[in-house]
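Reproduced below: run_27.txt, with compact mmCIF, N, CA, C and O atoms.
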# COMPACT_ATOMS: atom_id res chain seq x y z
N MET A 1 -53.73 9.12 -31.34
CA MET A 1 -53.96 8.93 -32.76
C MET A 1 -53.48 7.52 -33.10
O MET A 1 -52.35 7.15 -32.82
N ASN A 2 -54.35 6.76 -33.70
CA ASN A 2 -53.96 5.40 -34.04
C ASN A 2 -53.18 5.39 -35.36
O ASN A 2 -53.15 6.38 -36.08
N PRO A 3 -52.50 4.30 -35.70
CA PRO A 3 -51.66 4.25 -36.91
C PRO A 3 -52.43 4.54 -38.20
O PRO A 3 -51.89 5.16 -39.12
N PHE A 4 -53.68 4.08 -38.29
CA PHE A 4 -54.47 4.34 -39.49
C PHE A 4 -54.69 5.84 -39.70
O PHE A 4 -54.54 6.36 -40.81
N GLU A 5 -55.04 6.56 -38.64
CA GLU A 5 -55.24 8.01 -38.73
C GLU A 5 -53.95 8.71 -39.10
O GLU A 5 -53.95 9.71 -39.84
N MET A 6 -52.83 8.25 -38.58
CA MET A 6 -51.54 8.85 -38.87
C MET A 6 -51.19 8.67 -40.36
O MET A 6 -50.71 9.62 -41.02
N VAL A 7 -51.45 7.51 -40.92
CA VAL A 7 -51.19 7.26 -42.34
C VAL A 7 -52.07 8.16 -43.20
O VAL A 7 -51.60 8.77 -44.18
N VAL A 8 -53.34 8.29 -42.86
CA VAL A 8 -54.25 9.15 -43.61
C VAL A 8 -53.80 10.61 -43.51
O VAL A 8 -53.80 11.35 -44.51
N ALA A 9 -53.38 11.05 -42.33
CA ALA A 9 -52.91 12.42 -42.15
C ALA A 9 -51.67 12.68 -43.00
O ALA A 9 -51.54 13.75 -43.64
N ILE A 10 -50.74 11.73 -43.05
CA ILE A 10 -49.53 11.89 -43.85
C ILE A 10 -49.89 11.98 -45.33
O ILE A 10 -49.36 12.82 -46.07
N ILE A 11 -50.81 11.13 -45.79
CA ILE A 11 -51.23 11.16 -47.20
C ILE A 11 -51.89 12.50 -47.54
O ILE A 11 -51.63 13.08 -48.60
N VAL A 12 -52.72 13.02 -46.63
CA VAL A 12 -53.38 14.31 -46.87
C VAL A 12 -52.34 15.43 -46.96
O VAL A 12 -52.39 16.28 -47.86
N VAL A 13 -51.37 15.44 -46.05
CA VAL A 13 -50.34 16.49 -46.05
C VAL A 13 -49.51 16.42 -47.33
O VAL A 13 -49.23 17.45 -47.96
N VAL A 14 -49.11 15.22 -47.74
CA VAL A 14 -48.31 15.06 -48.96
C VAL A 14 -49.12 15.49 -50.18
O VAL A 14 -48.60 16.18 -51.07
N THR A 15 -50.38 15.12 -50.23
CA THR A 15 -51.23 15.48 -51.38
C THR A 15 -51.41 17.00 -51.47
O THR A 15 -51.30 17.58 -52.55
N VAL A 16 -51.69 17.64 -50.35
CA VAL A 16 -51.84 19.10 -50.35
C VAL A 16 -50.54 19.77 -50.78
O VAL A 16 -50.54 20.72 -51.57
N GLY A 17 -49.42 19.27 -50.30
CA GLY A 17 -48.12 19.83 -50.69
C GLY A 17 -47.86 19.68 -52.18
O GLY A 17 -47.36 20.60 -52.84
N LYS A 18 -48.19 18.52 -52.73
CA LYS A 18 -47.99 18.28 -54.15
C LYS A 18 -48.89 19.18 -55.00
O LYS A 18 -48.46 19.73 -56.01
N VAL A 19 -50.14 19.37 -54.57
CA VAL A 19 -51.06 20.24 -55.29
C VAL A 19 -50.55 21.68 -55.28
O VAL A 19 -50.54 22.36 -56.31
N LEU A 20 -50.10 22.16 -54.13
CA LEU A 20 -49.57 23.52 -54.04
C LEU A 20 -48.31 23.68 -54.88
O LEU A 20 -48.11 24.70 -55.55
N SER A 21 -47.45 22.68 -54.87
CA SER A 21 -46.23 22.73 -55.67
C SER A 21 -46.55 22.76 -57.16
O SER A 21 -45.96 23.54 -57.92
N THR A 22 -47.48 21.93 -57.59
CA THR A 22 -47.88 21.91 -59.00
C THR A 22 -48.50 23.22 -59.42
O THR A 22 -48.24 23.73 -60.51
N ARG A 23 -49.32 23.80 -58.55
CA ARG A 23 -49.95 25.08 -58.84
C ARG A 23 -48.90 26.18 -58.99
O ARG A 23 -48.96 26.99 -59.92
N TYR A 24 -47.92 26.21 -58.09
CA TYR A 24 -46.85 27.20 -58.17
C TYR A 24 -46.07 27.05 -59.47
O TYR A 24 -45.77 28.03 -60.15
N ARG A 25 -45.73 25.80 -59.81
CA ARG A 25 -44.97 25.57 -61.03
C ARG A 25 -45.77 25.99 -62.27
O ARG A 25 -45.22 26.54 -63.21
N ALA A 26 -47.06 25.73 -62.28
CA ALA A 26 -47.89 26.10 -63.42
C ALA A 26 -47.99 27.62 -63.57
O ALA A 26 -47.95 28.14 -64.69
N GLN A 27 -48.11 28.33 -62.47
CA GLN A 27 -48.21 29.78 -62.53
C GLN A 27 -46.92 30.43 -63.00
O GLN A 27 -46.94 31.48 -63.64
N ASN A 28 -45.78 29.81 -62.71
CA ASN A 28 -44.49 30.38 -63.07
C ASN A 28 -43.88 29.75 -64.31
O ASN A 28 -42.73 30.01 -64.64
N GLY A 29 -44.63 28.91 -65.01
CA GLY A 29 -44.16 28.33 -66.26
C GLY A 29 -43.04 27.33 -66.09
O GLY A 29 -42.16 27.23 -66.94
N ILE A 30 -43.03 26.58 -65.00
CA ILE A 30 -41.98 25.60 -64.74
C ILE A 30 -42.56 24.21 -64.99
O ILE A 30 -43.63 23.88 -64.52
N SER A 31 -41.82 23.40 -65.74
CA SER A 31 -42.26 22.04 -66.03
C SER A 31 -41.12 21.08 -65.68
O SER A 31 -40.06 21.50 -65.26
N GLU A 32 -41.37 19.80 -65.84
CA GLU A 32 -40.33 18.80 -65.58
C GLU A 32 -40.07 18.00 -66.84
O GLU A 32 -41.00 17.68 -67.59
N ASP A 33 -38.79 17.66 -67.07
CA ASP A 33 -38.48 16.80 -68.21
C ASP A 33 -38.56 15.34 -67.79
O ASP A 33 -39.05 15.02 -66.71
N GLU A 34 -38.11 14.44 -68.66
CA GLU A 34 -38.24 13.01 -68.39
C GLU A 34 -37.49 12.57 -67.14
O GLU A 34 -37.88 11.62 -66.46
N ASP A 35 -36.39 13.25 -66.83
CA ASP A 35 -35.57 12.89 -65.67
C ASP A 35 -36.06 13.51 -64.37
O ASP A 35 -35.50 13.28 -63.31
N GLY A 36 -37.11 14.33 -64.43
CA GLY A 36 -37.63 14.97 -63.24
C GLY A 36 -36.96 16.30 -62.93
O GLY A 36 -37.19 16.89 -61.88
N ASN A 37 -36.12 16.79 -63.84
CA ASN A 37 -35.46 18.08 -63.64
C ASN A 37 -36.40 19.22 -64.03
O ASN A 37 -37.17 19.10 -64.98
N ALA A 38 -36.32 20.31 -63.30
CA ALA A 38 -37.19 21.45 -63.56
C ALA A 38 -36.72 22.17 -64.82
O ALA A 38 -35.53 22.40 -65.01
N VAL A 39 -37.67 22.50 -65.69
CA VAL A 39 -37.39 23.19 -66.93
C VAL A 39 -38.36 24.35 -67.04
O VAL A 39 -39.56 24.17 -66.84
N VAL A 40 -37.86 25.53 -67.39
CA VAL A 40 -38.72 26.70 -67.56
C VAL A 40 -39.34 26.63 -68.95
O VAL A 40 -38.64 26.51 -69.95
N VAL A 41 -40.65 26.69 -69.01
CA VAL A 41 -41.37 26.64 -70.28
C VAL A 41 -41.60 28.07 -70.75
O VAL A 41 -42.09 28.90 -70.00
N GLN A 42 -41.22 28.34 -72.00
CA GLN A 42 -41.39 29.69 -72.52
C GLN A 42 -42.80 29.87 -73.08
O GLN A 42 -43.41 28.93 -73.57
N ASP A 43 -43.26 31.08 -72.99
CA ASP A 43 -44.55 31.44 -73.54
C ASP A 43 -44.48 31.33 -75.06
O ASP A 43 -43.48 31.73 -75.66
N PRO A 44 -45.49 30.82 -75.73
CA PRO A 44 -45.43 30.69 -77.18
C PRO A 44 -45.26 32.02 -77.90
O PRO A 44 -44.70 32.08 -78.98
N ASP A 45 -45.71 33.10 -77.30
CA ASP A 45 -45.58 34.42 -77.93
C ASP A 45 -44.23 35.07 -77.66
O ASP A 45 -43.91 36.08 -78.27
N SER A 46 -43.43 34.51 -76.76
CA SER A 46 -42.17 35.17 -76.39
C SER A 46 -41.21 35.27 -77.56
O SER A 46 -40.54 36.29 -77.72
N GLY A 47 -41.15 34.26 -78.41
CA GLY A 47 -40.26 34.32 -79.58
C GLY A 47 -40.68 35.41 -80.54
O GLY A 47 -39.85 36.16 -81.05
N ARG A 48 -41.98 35.49 -80.79
CA ARG A 48 -42.50 36.52 -81.68
C ARG A 48 -42.25 37.91 -81.11
O ARG A 48 -41.85 38.83 -81.82
N LEU A 49 -42.45 38.04 -79.81
CA LEU A 49 -42.24 39.35 -79.17
C LEU A 49 -40.77 39.76 -79.19
O LEU A 49 -40.45 40.92 -79.39
N LYS A 50 -39.87 38.80 -78.99
CA LYS A 50 -38.44 39.10 -79.05
C LYS A 50 -38.05 39.58 -80.44
O LYS A 50 -37.27 40.53 -80.59
N GLU A 51 -38.58 38.92 -81.47
CA GLU A 51 -38.29 39.34 -82.84
C GLU A 51 -38.83 40.74 -83.11
O GLU A 51 -38.18 41.55 -83.76
N GLU A 52 -40.01 41.02 -82.60
CA GLU A 52 -40.61 42.34 -82.81
C GLU A 52 -39.80 43.42 -82.10
O GLU A 52 -39.57 44.50 -82.66
N VAL A 53 -39.33 43.14 -80.89
CA VAL A 53 -38.51 44.11 -80.17
C VAL A 53 -37.20 44.35 -80.92
O VAL A 53 -36.74 45.50 -81.06
N LYS A 54 -36.61 43.28 -81.44
CA LYS A 54 -35.36 43.42 -82.20
C LYS A 54 -35.59 44.29 -83.43
O LYS A 54 -34.79 45.18 -83.73
N TYR A 55 -36.70 44.04 -84.14
CA TYR A 55 -37.04 44.82 -85.33
C TYR A 55 -37.24 46.29 -84.98
O TYR A 55 -36.73 47.18 -85.67
N LEU A 56 -37.95 46.55 -83.88
CA LEU A 56 -38.21 47.94 -83.48
C LEU A 56 -36.93 48.65 -83.05
O LEU A 56 -36.75 49.84 -83.33
N LYS A 57 -36.02 47.93 -82.38
CA LYS A 57 -34.74 48.54 -82.00
C LYS A 57 -33.93 48.92 -83.24
O LYS A 57 -33.30 49.98 -83.28
N GLU A 58 -33.97 48.06 -84.26
CA GLU A 58 -33.26 48.39 -85.50
C GLU A 58 -33.87 49.62 -86.16
O GLU A 58 -33.15 50.48 -86.67
N ARG A 59 -35.19 49.71 -86.15
CA ARG A 59 -35.87 50.87 -86.73
C ARG A 59 -35.51 52.15 -85.99
O ARG A 59 -35.26 53.19 -86.60
N VAL A 60 -35.49 52.08 -84.65
CA VAL A 60 -35.14 53.27 -83.87
C VAL A 60 -33.70 53.68 -84.18
O VAL A 60 -33.40 54.88 -84.32
N ALA A 61 -32.80 52.72 -84.32
CA ALA A 61 -31.40 53.05 -84.63
C ALA A 61 -31.31 53.75 -85.98
O ALA A 61 -30.57 54.73 -86.14
N VAL A 62 -32.08 53.28 -86.98
CA VAL A 62 -32.07 53.91 -88.29
C VAL A 62 -32.64 55.32 -88.20
O VAL A 62 -32.09 56.27 -88.78
N LEU A 63 -33.72 55.48 -87.47
CA LEU A 63 -34.32 56.82 -87.33
C LEU A 63 -33.38 57.77 -86.60
O LEU A 63 -33.29 58.95 -86.97
N GLU A 64 -32.67 57.29 -85.59
CA GLU A 64 -31.70 58.14 -84.90
C GLU A 64 -30.58 58.56 -85.85
O GLU A 64 -30.14 59.71 -85.84
N LYS A 65 -30.15 57.63 -86.68
CA LYS A 65 -29.08 57.96 -87.64
C LYS A 65 -29.57 59.00 -88.64
O LYS A 65 -28.85 59.94 -88.96
N ILE A 66 -30.80 58.83 -89.12
CA ILE A 66 -31.35 59.80 -90.06
C ILE A 66 -31.47 61.17 -89.41
O ILE A 66 -31.13 62.19 -90.01
N ALA A 67 -31.93 61.20 -88.17
CA ALA A 67 -32.10 62.48 -87.47
C ALA A 67 -30.77 63.18 -87.27
O ALA A 67 -30.66 64.39 -87.48
N THR A 68 -29.75 62.44 -86.90
CA THR A 68 -28.45 63.08 -86.66
C THR A 68 -27.77 63.43 -87.97
O THR A 68 -27.12 64.47 -88.07
N ASP A 69 -27.90 62.62 -89.00
CA ASP A 69 -27.30 62.94 -90.29
C ASP A 69 -27.98 64.14 -90.93
O ASP A 69 -27.33 64.98 -91.54
N ASP A 70 -29.28 64.24 -90.78
CA ASP A 70 -30.03 65.35 -91.35
C ASP A 70 -29.61 66.67 -90.70
O ASP A 70 -29.50 67.68 -91.37
N ARG A 71 -29.36 66.64 -89.42
CA ARG A 71 -28.94 67.85 -88.72
C ARG A 71 -27.60 68.34 -89.27
O ARG A 71 -27.40 69.53 -89.49
N GLY A 72 -26.69 67.41 -89.52
CA GLY A 72 -25.39 67.78 -90.09
C GLY A 72 -25.54 68.39 -91.47
O GLY A 72 -24.84 69.35 -91.83
N ALA A 73 -26.46 67.86 -92.26
CA ALA A 73 -26.69 68.39 -93.61
C ALA A 73 -27.27 69.80 -93.53
O ALA A 73 -26.90 70.67 -94.32
N ARG A 74 -28.17 70.03 -92.59
CA ARG A 74 -28.75 71.37 -92.44
C ARG A 74 -27.68 72.38 -92.01
O ARG A 74 -27.66 73.51 -92.50
N GLU A 75 -26.81 71.97 -91.11
CA GLU A 75 -25.73 72.87 -90.68
C GLU A 75 -24.81 73.20 -91.85
O GLU A 75 -24.37 74.35 -92.00
N LEU A 76 -24.54 72.20 -92.68
CA LEU A 76 -23.70 72.43 -93.85
C LEU A 76 -24.38 73.40 -94.82
O LEU A 76 -23.73 74.30 -95.36
N GLU A 77 -25.69 73.24 -95.03
CA GLU A 77 -26.44 74.16 -95.90
C GLU A 77 -26.37 75.59 -95.35
O GLU A 77 -26.19 76.54 -96.11
N ASN A 78 -26.53 75.72 -94.05
CA ASN A 78 -26.47 77.06 -93.44
C ASN A 78 -25.10 77.69 -93.63
O ASN A 78 -24.99 78.89 -93.92
N GLU A 79 -24.06 76.92 -93.50
CA GLU A 79 -22.71 77.46 -93.70
C GLU A 79 -22.49 77.88 -95.14
O GLU A 79 -21.87 78.90 -95.42
N ILE A 80 -23.00 77.07 -96.08
CA ILE A 80 -22.87 77.41 -97.51
C ILE A 80 -23.60 78.71 -97.80
O ILE A 80 -23.10 79.58 -98.53
N GLU A 81 -24.80 78.85 -97.24
CA GLU A 81 -25.57 80.08 -97.45
C GLU A 81 -24.85 81.28 -96.86
O GLU A 81 -24.85 82.37 -97.45
N LYS A 82 -24.23 81.13 -95.72
CA LYS A 82 -23.47 82.23 -95.10
C LYS A 82 -22.31 82.63 -96.01
O LYS A 82 -22.01 83.82 -96.17
N LEU A 83 -21.66 81.65 -96.62
CA LEU A 83 -20.53 81.95 -97.49
C LEU A 83 -21.00 82.63 -98.77
O LEU A 83 -20.31 83.49 -99.34
N ARG A 84 -22.19 82.29 -99.25
CA ARG A 84 -22.72 82.92 -100.48
C ARG A 84 -23.10 84.38 -100.22
O ARG A 84 -23.01 85.21 -101.11
N ASP A 85 -23.56 84.65 -98.99
CA ASP A 85 -23.99 86.01 -98.67
C ASP A 85 -22.81 86.95 -98.55
O ASP A 85 -22.99 88.17 -98.60
N ARG A 86 -21.64 86.50 -98.42
CA ARG A 86 -20.47 87.39 -98.25
C ARG A 86 -20.14 88.10 -99.48
O ARG A 86 -20.03 88.33 -100.46

This structure in structure tokens:
Amino acid sequence: MNPFEMVVAIIVVVTVGKVLSTRYRAQNGISEDEDGNAVVVQDPDSGRLKEEVKYLKERVAVLEKIATDDRGARELENEIEKLRDR
């Protein structure tokens, strides 16, 4: 292999490696900042989805509280009715 072929082969290998690296980073949401450091890029919908999950968790907590408080009130009503029947 002469020196010219070796230089071309090295350029081809480096180019293929860079393309594969860029493709991997794009698929996994990884970008680079000005200094060349890897930075994970968040999906634009992730903030909205996090807020929605937070809202739904709060709603579930309220519903659980209502369900458990209501049960206590029903038990109290049943006890009052038992006392009235005596």

Problem - Point-to-point distance from atom C of A:Val53 to atom O of A:Ala26, Å rounded to tenths - result: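 Separation between atom C of A:Val53 and atom O of A:Ala26: 25.3 Å.
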
Exercise for the section: Kindly give the distance, in Å, that separates atom O of A:Arg25 and atom CA of A:Glu52, rounded to a single decimal. Expected result: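 Separation of atom O of A:Arg25 and atom CA of A:Glu52: 25.6 Å.
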
Practice task
Enumerate the residues of chain A with a DSSP assignment of strand (DSSP E or B), computed from the backbone, and present them as a ChimeraX atom specification.
Solution key: /A:30-32,38-40

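Rounded to one decimal, atom CA of A:Gln27 and atom CA of A:Pro44 lie 14.9 Å from each other.
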
Size and centre in Å, one decimal, axis-aligned box, all listed stretch 66-81 of chain A atoms plus 8 Å per side, as AutoDock Vina command-line options:
--center_x -27.0 --center_y 70.6 --center_z -92.6 --size_x 26.2 --size_y 39.5 --size_z 27.9
